[in-house]
Amino acid sequence: MSLLRPKDDTRPWTGSYQPYDLVKEACIAVGVIALLAIVLTVLFSSPDDKPSTIAQWSRQMPVDFVKTAATELDGTSGTATYGPPYNHNGEGQHAAFIHLQKWLGVSHPINTADDYVIRPLETIPDDPALQRALAEYDAAPEKTQKAWGQAYAKPLEEDAEAEEEGKPPPKTVTVNSTTGMVSVQASGTGPVPTMMTSLLSLAQSGGLDGSLLTSRQFFQTDYTKPLLFMADGGLLDQRAEEQHLGGDEWGMMNETGSYPGQAWLWLYAFWYQIEPFKNSENADILVMLAMGVLSLAFIAIPFIPGVRDLPRKIPIYKLIWREHYRAIKPRSNA
Amino acid sequence: MSHAAASAVMGAVFNLNHPAHVVHWHFIKLPLANVIVIGLMLVAFAVAIALPFPGAARRAAARRGADGSYPVAGHPPSGGAGR
Amino acid sequence: MSGAPESSWTVKVREKAVEALPPEKLLPDGQPTYVASWIYMFGVASIASLVVIIASGSILALKGPAWWHYTGVGHFFNSIHMWAVELFFFVMVVHLWGKYWMAAWRGGRSRVWVTGAITFLVAVPTALTGYVSQQNFDAQWISTQAKDGLNAVGVGAFFNVTNFGQMYSYHVLLLPIAVVVLVSAHVLLVRRHGVVPPIEVGARLASVPAADGPPPATAGAGS
């Protein structure tokens with residue numbers, strides 16, 4: 001006997017057998033489960049909340065859209081600073097010396113300023129003011145571009161902060177209720193206001209959804225760019241909060257509406273609710289590594305002393321096989 | 001689309017297309033549907049073990065070899081529980 | 001058979017297969033009398049759920065990923081698919097609990113446990129790829145959240161949950177094949193080794209005559 005291979009007193013069964021119709025049992029099981037699935041379908045159906053589009057986002061939350069677009073342009077958005085696999089502008093997460101995110105590199109490059117702002121704007125025809133603005137932006141040194149972007153973004157960030165804290169919004173950001181256009185009062189913004197106004201207009205017309213999807217080729221099935229852009233903004237977050245899908249609410253176990261979700265993800269969701277994972281910048285890699293170790297342990301249960309012995313110590317098996325144990329009980333008087 | 005209309009379109013008897021009722025217990029926050037599913041799993045496990053399984057008389061006969069139509073101890077009629 | 005050479009791969013494979021699983025073992029018509037609990041039904045219920053998942057999924061695949069959003073029939077089959085998945089995880093986990101408390105890896109059956117555990121672990125990303133292939137708000141949210149966990153461990157570099165085309169391919173083909181192969185291995189191992197006998201109770205096992213079957217030939221029957 002070794003640590004990994006326990007003393008196993010399980011002997012081959014030499015006792016009696018009962019008739020058993022395997023195929024019939026399988027057919028009955030399929031019938032029962034199919035019927036259950038149909039009954040649940042008739043009773044409850046399934047959820048299908050419509051997806052958000054960039055057009056909807058820019059119309060429902062124009063200030064949030066413009067703020068996000070400004071941060072994409074000046075390289076301070078979540079995607080812009082993410083790091084691999086999208087760009088080299090961040091270190092990514094790590095656990096001690098393990099930097100898997102960095103090691104696997106940039107496989108899906110996104111340049112947020114180019115992809116989300118400049119190139120979509122370049123597709124807009126017959127707009128001399130915009131073309132001049134783009135030319136001015138392109139000709140400026142990087143430091144100037146960043147300064148313009150940050151000057152424009154600052155009032156928008158103050159507006160967002162005020163909204164979050166329930167304070168009155170600063171007067172530097174206004175929305176025209178008729179046109180849906182956003183005005184930002186700030187100095188030193190260069191051509192950025194013209195660019196942002198055109199981008200908002202393009203988004204509200206629905207052109208940006210298509211532009212982000214088909215920028216590389218006509219046929220596309222990769223929604224990474226539009227999804228990451230929307231995820232940088234507030235609309236998906238707002239909808240998720242309404243449906244209790246946020247991480248602080250064990251959201252990864254949940255489904256939209258009142259439907260059951262993914263209860264099997266309970267342990268994965270659990271770690272995000274407790275320290276040190278909860279407030280860690282490296283929460284994701286720490287949780288994934290913890291779950292990786294536990295998954296390997298789950299597979300290896302037959303080999304783990306203690307864990308493999310628990311069934312004998314807590315004898316639920318005596319209930320399961322009670323009929324068998326009663327049948328083989330030695331006769332009291334031989 | 002209103003909830004009633006959505007329900008009609010999808011033909012569900014019960015409309016679950018509204019934000020979930022969340023069950024709070026210490027730091028555990030779960031929607032009611034998930035709590036029900038987990039609860040039902042525990043109940044199913046307990047009931048499956050507790051409920052007697054049909055065919056006890058047939059099994060007892062097989063053990064005694066009394067019913068005659070089925071081979072008794074030793075090797076199973078076909079195949080078997082090997083190692 | 002015919003005069004096939006001894007080096008025939010076909011003959012070797014056939015002989016090995018038949019030796020490991022003769023027809024009577026592959027499709028037995030008897031089971032040990034200790035198989036007498038409803039808990040044993042959860043394994044076949046897991047397989048049954050998988051059958052319903054694949055059947056309903058095949059119908060969804062026949063009509064393409066957008067169909068269920070704009071037809072009542074499509075939505076009906078999507079609902080069956082979703083509830084079959086809920087049932088699958090429900091019965092599979094109860095099956096897992098039962099097998100753990102029976103210590104069903106005993107008697108040389110550790111591979112049965114291992115294949116079962118890996119099946120569960122592969123079923124989780126199979127479900128995930130389904131959720132991100134829905135092309136609705138749920139898919140948008142799940143993909144933009146799940147990407148962070150996967151990117152953090154470098155998996156996002158080659159498994160992109162926001163890439164619908166890739167996720168749909170994994171969900172409809174690659175991962176179901178993996179699940180079916182694992183479940184098949186799991187079930188064939190159970191057929192090979194038989195359903196695990198009950199844990200033996202009593203301190204002096206060798207001296208307790210079984211009311212059932214012949215007495216043990218020798219003591220010390222290890223694995």
# chains A, B, ... in the order shown; residues from 1 in each chain; ligands from 1

call {"tool": "residues_around", "arguments": {"residues": "Phe42 (chain C)", "least_positions_apart": "2", "cutoff": "10 Å", "atoms": "only C-alpha atoms", "output": "PyMOL selection string"}}
result
(chain A and resi 29) or (chain B and resi 44-45+48) or (chain C and resi 38-40+44-48+88+90-96+98-99)

call {"tool": "closest_atom_pairs", "arguments": {"of": "chain A", "to": "chain B", "cutoff": "8 Å", "atoms": "only C-alpha atoms", "output": "Markdown table"}}
result
| residue | atom | partner | partner_atom | distance |
| --- | --- | --- | --- | --- |
| A:Pro12 | CA | B:Gly82 | CA | 6.0 |
| A:Trp13 | CA | B:Ala81 | CA | 6.0 |
| A:Thr14 | CA | B:Gly74 | CA | 5.2 |
| A:Gly15 | CA | B:Ala73 | CA | 5.0 |
| A:Ser16 | CA | B:Ala73 | CA | 4.6 |
| A:Tyr17 | CA | B:Pro76 | CA | 6.0 |
| A:Gln18 | CA | B:Arg59 | CA | 6.0 |
| A:Pro19 | CA | B:Tyr70 | CA | 7.6 |
| A:Thr41 | CA | B:Ala12 | CA | 7.3 |
| A:Val42 | CA | B:Ala12 | CA | 5.5 |
| A:Leu43 | CA | B:Val13 | CA | 4.7 |
| A:Phe44 | CA | B:Ala12 | CA | 5.0 |
| A:Ser45 | CA | B:Ala12 | CA | 5.2 |
| A:Pro47 | CA | B:Asn17 | CA | 6.7 |
| A:Glu242 | CA | B:Pro19 | CA | 6.8 |
| A:Gln243 | CA | B:Pro19 | CA | 5.2 |
| A:His244 | CA | B:Ala20 | CA | 7.4 |
| A:Glu249 | CA | B:Lys29 | CA | 5.7 |
| A:Trp250 | CA | B:Lys29 | CA | 6.6 |
| A:Asn254 | CA | B:Pro31 | CA | 7.2 |
| A:Thr256 | CA | B:Pro19 | CA | 7.1 |
| A:Gly257 | CA | B:Asn17 | CA | 4.5 |
| A:Ser258 | CA | B:Ala20 | CA | 4.3 |
| A:Tyr259 | CA | B:Ala33 | CA | 5.9 |
| A:Pro260 | CA | B:Ala33 | CA | 4.7 |
| A:Gly261 | CA | B:Asn34 | CA | 6.5 |
| A:Gln262 | CA | B:Asn34 | CA | 7.9 |
| A:Ala263 | CA | B:Asn34 | CA | 6.1 |
| A:Gln273 | CA | B:Phe27 | CA | 7.3 |
| A:Leu319 | CA | B:Ile49 | CA | 6.7 |
| A:Ile320 | CA | B:Ile49 | CA | 5.6 |
| A:Ala327 | CA | B:Ala60 | CA | 7.9 |

call {"tool": "residues_around", "arguments": {"residues": "Ala186 (chain A)", "least_positions_apart": "5", "cutoff": "9 Å", "atoms": "only C-alpha atoms", "output": "ChimeraX atom specification"}}
result
/A:151-152,154-155,172

call {"tool": "closest_atom_pairs", "arguments": {"of": "chain A", "to": "chain C", "cutoff": "6 Å", "atoms": "only C-alpha atoms", "output": "CSV"}}
result
residue,atom,partner,partner_atom,distance
A:Asp8,CA,C:Gly222,CA,5.2
A:Asp9,CA,C:Gly222,CA,5.5
A:Thr10,CA,C:Gly107,CA,5.1
A:Thr14,CA,C:Gly213,CA,5.6
A:Gly15,CA,C:Gly213,CA,4.4
A:Ser16,CA,C:Thr33,CA,5.9
A:Tyr17,CA,C:Pro32,CA,4.3
A:Gln18,CA,C:Gly30,CA,5.4
A:Pro19,CA,C:Gly30,CA,4.4
A:Tyr20,CA,C:Gly30,CA,4.6
A:Asp21,CA,C:Asp29,CA,5.7
A:Ala29,CA,C:Ala48,CA,5.7
A:Val30,CA,C:Ala48,CA,4.4
A:Ala37,CA,C:Ile80,CA,5.4
A:Thr41,CA,C:Ser79,CA,5.4
A:Ser45,CA,C:Ser79,CA,5.4
A:Ser46,CA,C:Ser79,CA,4.9
A:Asp49,CA,C:Phe137,CA,5.5
A:Lys50,CA,C:Asn136,CA,5.1
A:Pro51,CA,C:Phe137,CA,3.9
A:Pro85,CA,C:Ala157,CA,5.5
A:Gln93,CA,C:Ala152,CA,5.5
A:Leu100,CA,C:Gly154,CA,4.9
A:Gln101,CA,C:Gly154,CA,4.3
A:Leu104,CA,C:Gly154,CA,5.3
A:Ser107,CA,C:Ala157,CA,5.4
A:Thr221,CA,C:Gly165,CA,4.9
A:Asp222,CA,C:Asn163,CA,4.2
A:Tyr223,CA,C:Asn163,CA,5.5
A:Thr224,CA,C:Thr162,CA,4.9
A:Asp284,CA,C:Gly149,CA,4.9
A:Ile285,CA,C:Ala152,CA,5.0
A:Ile299,CA,C:Val114,CA,5.2
A:Pro311,CA,C:Trp101,CA,4.8
A:Tyr317,CA,C:Met102,CA,5.4
A:His324,CA,C:Tyr34,CA,5.3
A:Ile328,CA,C:Ala211,CA,4.8

call {"tool": "select_by_dssp", "arguments": {"residues": "region 25-223 of chain A", "states": "strand (DSSP E)", "output": "PyMOL selection string"}}
result
chain A and resi 173-175+182-184

call {"tool": "residues_around", "arguments": {"residues": "Val172 (chain C)", "least_positions_apart": "5", "cutoff": "10 Å", "atoms": "only C-alpha atoms", "output": "list in words"}}
result
Ile54, Gly57, Ser58, Leu60, Ala61, Thr126, Thr129, Gly130, Ser133, Met167 and Ile177 of chain C

call {"tool": "select_by_dssp", "arguments": {"residues": "region 1-211 of chain C", "states": "alpha helix (DSSP H)", "output": "VMD selection string"}}
result
chain C and resid 9 to 20 23 to 26 41 to 63 67 to 70 72 to 101 110 to 131 137 to 152 164 to 169 175 to 193

call {"tool": "atom_distance", "arguments": {"atom1": "CA of Gly188 (chain A)", "atom2": "CA of Trp148 (chain A)"}}
result
5.9 Å

call {"tool": "atom_distance", "arguments": {"atom1": "CA of Ala203 (chain A)", "atom2": "CA of Ala55 (chain A)"}}
result
5.1 Å

call {"tool": "decode", "arguments": {"residues": "region 259-296 of chain A", "atoms": "N, CA and C atoms", "output": "tab-separated table (two decimals), in the first residue's frame"}}
result
chain	number	residue	atom	x	y	z
A	259	TYR	N	-35.06	33.58	-14.28
A	259	TYR	CA	-34.76	32.21	-14.67
A	259	TYR	C	-33.61	31.65	-13.85
A	260	PRO	N	-33.55	30.32	-13.67
A	260	PRO	CA	-32.36	29.75	-13.04
A	260	PRO	C	-31.17	29.92	-13.98
A	261	GLY	N	-30.02	30.06	-13.39
A	261	GLY	CA	-28.83	30.32	-14.20
A	261	GLY	C	-27.88	29.15	-14.15
A	262	GLN	N	-26.65	29.47	-13.78
A	262	GLN	CA	-25.59	28.46	-13.82
A	262	GLN	C	-25.18	28.16	-12.38
A	263	ALA	N	-26.02	27.41	-11.68
A	263	ALA	CA	-25.75	27.13	-10.27
A	263	ALA	C	-24.42	26.41	-10.08
A	264	TRP	N	-23.99	25.70	-11.13
A	264	TRP	CA	-22.75	24.93	-11.03
A	264	TRP	C	-21.52	25.81	-10.95
A	265	LEU	N	-21.69	27.13	-11.15
A	265	LEU	CA	-20.55	28.03	-11.04
A	265	LEU	C	-20.42	28.62	-9.64
A	266	TRP	N	-21.14	28.02	-8.66
A	266	TRP	CA	-21.19	28.61	-7.33
A	266	TRP	C	-19.80	28.80	-6.72
A	267	LEU	N	-18.93	27.79	-6.86
A	267	LEU	CA	-17.62	27.90	-6.21
A	267	LEU	C	-16.75	28.94	-6.90
A	268	TYR	N	-16.89	29.03	-8.22
A	268	TYR	CA	-16.15	30.02	-8.97
A	268	TYR	C	-16.57	31.43	-8.55
A	269	ALA	N	-17.89	31.64	-8.42
A	269	ALA	CA	-18.43	32.95	-8.01
A	269	ALA	C	-18.08	33.28	-6.57
A	270	PHE	N	-17.99	32.24	-5.72
A	270	PHE	CA	-17.76	32.42	-4.29
A	270	PHE	C	-16.49	33.23	-3.99
A	271	TRP	N	-15.39	32.87	-4.66
A	271	TRP	CA	-14.11	33.50	-4.32
A	271	TRP	C	-14.14	35.01	-4.49
A	272	TYR	N	-14.91	35.49	-5.47
A	272	TYR	CA	-14.96	36.94	-5.72
A	272	TYR	C	-15.67	37.70	-4.60
A	273	GLN	N	-16.33	36.98	-3.69
A	273	GLN	CA	-17.07	37.66	-2.62
A	273	GLN	C	-16.22	37.84	-1.35
A	274	ILE	N	-15.05	37.18	-1.30
A	274	ILE	CA	-14.24	37.22	-0.08
A	274	ILE	C	-12.84	37.72	-0.37
A	275	GLU	N	-12.21	38.24	0.67
A	275	GLU	CA	-10.80	38.64	0.53
A	275	GLU	C	-9.94	37.37	0.52
A	276	PRO	N	-8.75	37.41	-0.07
A	276	PRO	CA	-8.11	38.57	-0.68
A	276	PRO	C	-8.52	38.82	-2.13
A	277	PHE	N	-9.46	37.99	-2.64
A	277	PHE	CA	-9.81	38.10	-4.05
A	277	PHE	C	-10.63	39.35	-4.33
A	278	LYS	N	-11.55	39.64	-3.39
A	278	LYS	CA	-12.59	40.65	-3.63
A	278	LYS	C	-12.05	41.98	-4.14
A	279	ASN	N	-11.03	42.50	-3.47
A	279	ASN	CA	-10.54	43.84	-3.85
A	279	ASN	C	-9.18	43.79	-4.52
A	280	SER	N	-8.77	42.61	-4.98
A	280	SER	CA	-7.45	42.50	-5.58
A	280	SER	C	-7.50	42.92	-7.05
A	281	GLU	N	-6.41	43.55	-7.49
A	281	GLU	CA	-6.30	43.90	-8.92
A	281	GLU	C	-6.09	42.65	-9.75
A	282	ASN	N	-5.63	41.59	-9.09
A	282	ASN	CA	-5.35	40.33	-9.80
A	282	ASN	C	-6.39	39.28	-9.47
A	283	ALA	N	-7.59	39.73	-9.14
A	283	ALA	CA	-8.64	38.81	-8.69
A	283	ALA	C	-8.86	37.66	-9.67
A	284	ASP	N	-8.90	37.99	-10.97
A	284	ASP	CA	-9.25	36.96	-11.95
A	284	ASP	C	-8.23	35.83	-11.98
A	285	ILE	N	-6.95	36.17	-12.04
A	285	ILE	CA	-5.96	35.10	-12.13
A	285	ILE	C	-5.91	34.31	-10.83
A	286	LEU	N	-6.10	35.00	-9.70
A	286	LEU	CA	-6.07	34.29	-8.41
A	286	LEU	C	-7.22	33.30	-8.32
A	287	VAL	N	-8.40	33.74	-8.73
A	287	VAL	CA	-9.57	32.84	-8.69
A	287	VAL	C	-9.39	31.67	-9.66
A	288	MET	N	-8.91	31.97	-10.87
A	288	MET	CA	-8.72	30.91	-11.87
A	288	MET	C	-7.69	29.89	-11.40
A	289	LEU	N	-6.62	30.36	-10.76
A	289	LEU	CA	-5.61	29.43	-10.27
A	289	LEU	C	-6.16	28.58	-9.13
A	290	ALA	N	-6.92	29.23	-8.23
A	290	ALA	CA	-7.54	28.48	-7.13
A	290	ALA	C	-8.46	27.41	-7.69
A	291	MET	N	-9.28	27.79	-8.66
A	291	MET	CA	-10.20	26.83	-9.25
A	291	MET	C	-9.47	25.76	-10.04
A	292	GLY	N	-8.35	26.12	-10.64
A	292	GLY	CA	-7.55	25.13	-11.35
A	292	GLY	C	-7.03	24.06	-10.41
A	293	VAL	N	-6.52	24.51	-9.28
A	293	VAL	CA	-5.99	23.56	-8.29
A	293	VAL	C	-7.12	22.68	-7.77
A	294	LEU	N	-8.26	23.30	-7.45
A	294	LEU	CA	-9.38	22.52	-6.92
A	294	LEU	C	-9.94	21.55	-7.96
A	295	SER	N	-9.92	21.96	-9.22
A	295	SER	CA	-10.40	21.07	-10.29
A	295	SER	C	-9.50	19.84	-10.40
A	296	LEU	N	-8.20	20.07	-10.33
A	296	LEU	CA	-7.27	18.93	-10.38
A	296	LEU	C	-7.49	18.02	-9.18
